[in-house]
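Here the structure is laid out as structure tokens; the discussion comes afterwards.
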Amino acid sequence: MVLVAGCSSGSDKDSKDSADASKSATPSPTPTVAAAKYDKLPEVCPTLSGKTIDQLVPKAENKKGKELPSADANQSASCLWTGLNGFKYRQLTVSLKLFRSDLSLGTGEKRAETYAADQAQKATAADGAKNAKTAQVSGIGDAATTVSTESKKDGDEFRNQTVVARTANVVVTLEYNGAGYEDEKTPDPKKLLKDAETAAKEVVAAIAKDGGGTDKDGGKATGKDSGGAEKGSGKDTEKDGGKGAGSAGAA
């Protein structure tokens, strides 16, 4: 009986050790982050129809728009329209920015939120603008902010309207500026703002229709910044689209 008891005790110990070893060998769950809604952008210039361009930028130099240089048009893209109708000058810029989900940086939507807030803040003082008026508006994507400013270039008074809208993980920055040269009146800022908001809605609708589907890599725990060099901190500057308005407006 002593021998039997001894064998039983040893068997129990071995069984426990085996269970502990099996438990410790079980891998921990792989970290994930929610996939972003969009994984690529639509072509930026066609996001606005020819009819809209006729209304906002009469006698545009290029009705189809001029796409500005970009390292990756599926991540960041801008299109510019300028037109002089008599002495009425109008300029319109649409910039799109996509953020993918990343394990170390967060979801695409959260990164887009940060960037949108930064874009709205920049618009309040862009190109020496003054008298900034900021407002939150509904009905344009998931969230939108308008920024109205005034500026003076080469002696001409400009009225500037910026709409920054976020739709899921894509940020739309629409800049609409106008001036009256010679004896032409300075454009009505309220009308400019109304037109800018209407155009922004059209761009958001185009993204929903033609933007890429779910970010298939969004849920993978790669630890790699899937959004490119920009880190989603809001510090990434739209070198082509954001500054294009100021340089062309001074022309």
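Numbering starts fresh at 1 for the residues of each chain in the structure tokens, the chains themselves are lettered A, B, ... in the order given, and ligands are numbered from 1 as they appear.
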Quiz item: What's the 8 Å shell around Ala60 in chain A, counting only C-alpha atoms, without same-chain residues fewer than 4 positions away, as a ChimeraX atom specification?
Solution: /A:53-54,81-84
Quiz item: Skipping near chain neighbours, those fewer than 2 positions away, what residues fall within 6 Å of range 170-187 of chain A using only C-alpha atoms, listed as a list in words?
Solution: Phe87, Lys88, Tyr89, Arg90, Gln91, Leu92, Thr93, Val94, Ser95, Leu96, Lys97, Leu98, Glu157, Phe158, Arg159, Asn160, Gln161, Thr162, Val163, Val164, Ala165, Arg166, Thr167 and Ala168 of chain A
Self-check item: Residue among A:Ser70, A:Thr47, A:Thr124, A:Val33 lying closest to Val204 in chain A, counting only C-alpha atoms
Solution: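 Distance minimum relative to Val204 in chain A lands on A:Thr47.
Residue nearest Ala125 in chain A within the list A:Asn169, A:Ser101, A:Thr145, A:Ser151: A:Ser151 [criterion: smallest interatomic distance, only C-alpha atoms].
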Please provide as a PDB file with N, CA and C atoms, in the first residue's frame all residues within 8 Å of Ala129 in chain A, with the sequence filter that same-chain residues fewer than 2 positions apart are discarded (counting only C-alpha atoms).
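Once written, around-v5.pdb looks like this:
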ATOM      1  N   THR A 124      -7.353  79.471 -39.465  1.00  0.00           N
ATOM      2  CA  THR A 124      -7.674  80.744 -38.803  1.00  0.00           C
ATOM      3  C   THR A 124      -6.596  81.803 -39.010  1.00  0.00           C
ATOM      4  N   ALA A 125      -5.393  81.360 -39.362  1.00  0.00           N
ATOM      5  CA  ALA A 125      -4.305  82.330 -39.523  1.00  0.00           C
ATOM      6  C   ALA A 125      -3.497  82.107 -40.802  1.00  0.00           C
ATOM      7  N   ALA A 126      -4.004  81.317 -41.725  1.00  0.00           N
ATOM      8  CA  ALA A 126      -3.273  81.005 -42.950  1.00  0.00           C
ATOM      9  C   ALA A 126      -3.032  82.250 -43.795  1.00  0.00           C
ATOM     10  N   ASP A 127      -1.805  82.398 -44.284  1.00  0.00           N
ATOM     11  CA  ASP A 127      -1.439  83.513 -45.163  1.00  0.00           C
ATOM     12  C   ASP A 127      -1.787  84.879 -44.566  1.00  0.00           C
ATOM     13  N   ASN A 131      -9.470  88.304 -38.463  1.00  0.00           N
ATOM     14  CA  ASN A 131     -10.906  88.276 -38.180  1.00  0.00           C
ATOM     15  C   ASN A 131     -11.521  86.901 -38.404  1.00  0.00           C
ATOM     16  N   ALA A 132     -10.862  85.877 -37.919  1.00  0.00           N
ATOM     17  CA  ALA A 132     -11.334  84.501 -38.113  1.00  0.00           C
ATOM     18  C   ALA A 132     -12.619  84.230 -37.327  1.00  0.00           C
ATOM     19  N   THR A 149     -12.337  83.926 -42.902  1.00  0.00           N
ATOM     20  CA  THR A 149     -11.293  84.913 -42.609  1.00  0.00           C
ATOM     21  C   THR A 149     -11.250  85.991 -43.687  1.00  0.00           C
ATOM     22  N   GLU A 150     -10.456  87.032 -43.415  1.00  0.00           N
ATOM     23  CA  GLU A 150     -10.208  88.102 -44.361  1.00  0.00           C
ATOM     24  C   GLU A 150      -8.701  88.236 -44.528  1.00  0.00           C
ATOM     25  N   SER A 151      -8.280  88.623 -45.725  1.00  0.00           N
ATOM     26  CA  SER A 151      -6.852  88.841 -45.949  1.00  0.00           C
ATOM     27  C   SER A 151      -6.668  89.872 -47.050  1.00  0.00           C
ATOM     28  N   LYS A 152      -5.469  90.411 -47.132  1.00  0.00           N
ATOM     29  CA  LYS A 152      -5.164  91.426 -48.137  1.00  0.00           C
ATOM     30  C   LYS A 152      -3.900  91.028 -48.868  1.00  0.00           C
TER      31      LYS A 152
END
Practice problem: Among the residues of range 26-89 of chain A, find those DSSP assigns to strand (DSSP E or B) from the backbone and print them as a list in words. | Solution: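 The strand (DSSP E or B) residues within range 26-89 of chain A come out as Ala60, Lys66, Glu67, Ser76, Ala77, Ser78, Cys79, Leu80, Trp81, Thr82, Gly83, Leu84, Asn85, Lys88 and Tyr89 of chain A.
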Practice problem: Pick out the closest residue to Thr214 in chain A from this set: A:Asp118, A:Asp39, A:Glu202, A:Glu67. Count only C-alpha atoms. | Solution: A:Asp39
Quiz item: Residues of range 74-137 of chain A in helix (DSSP H, G or I) according to DSSP, as a ChimeraX atom specification?
Solution: /A:108-123,126-128
Self-check item: Distance query Pro46 in chain A at most 9 Å, only C-alpha atoms, self and fewer than 5 positions along chain excluded, as a list of chain:residue names
Solution: A:Lys64, A:Gly65, A:Val203, A:Ala206
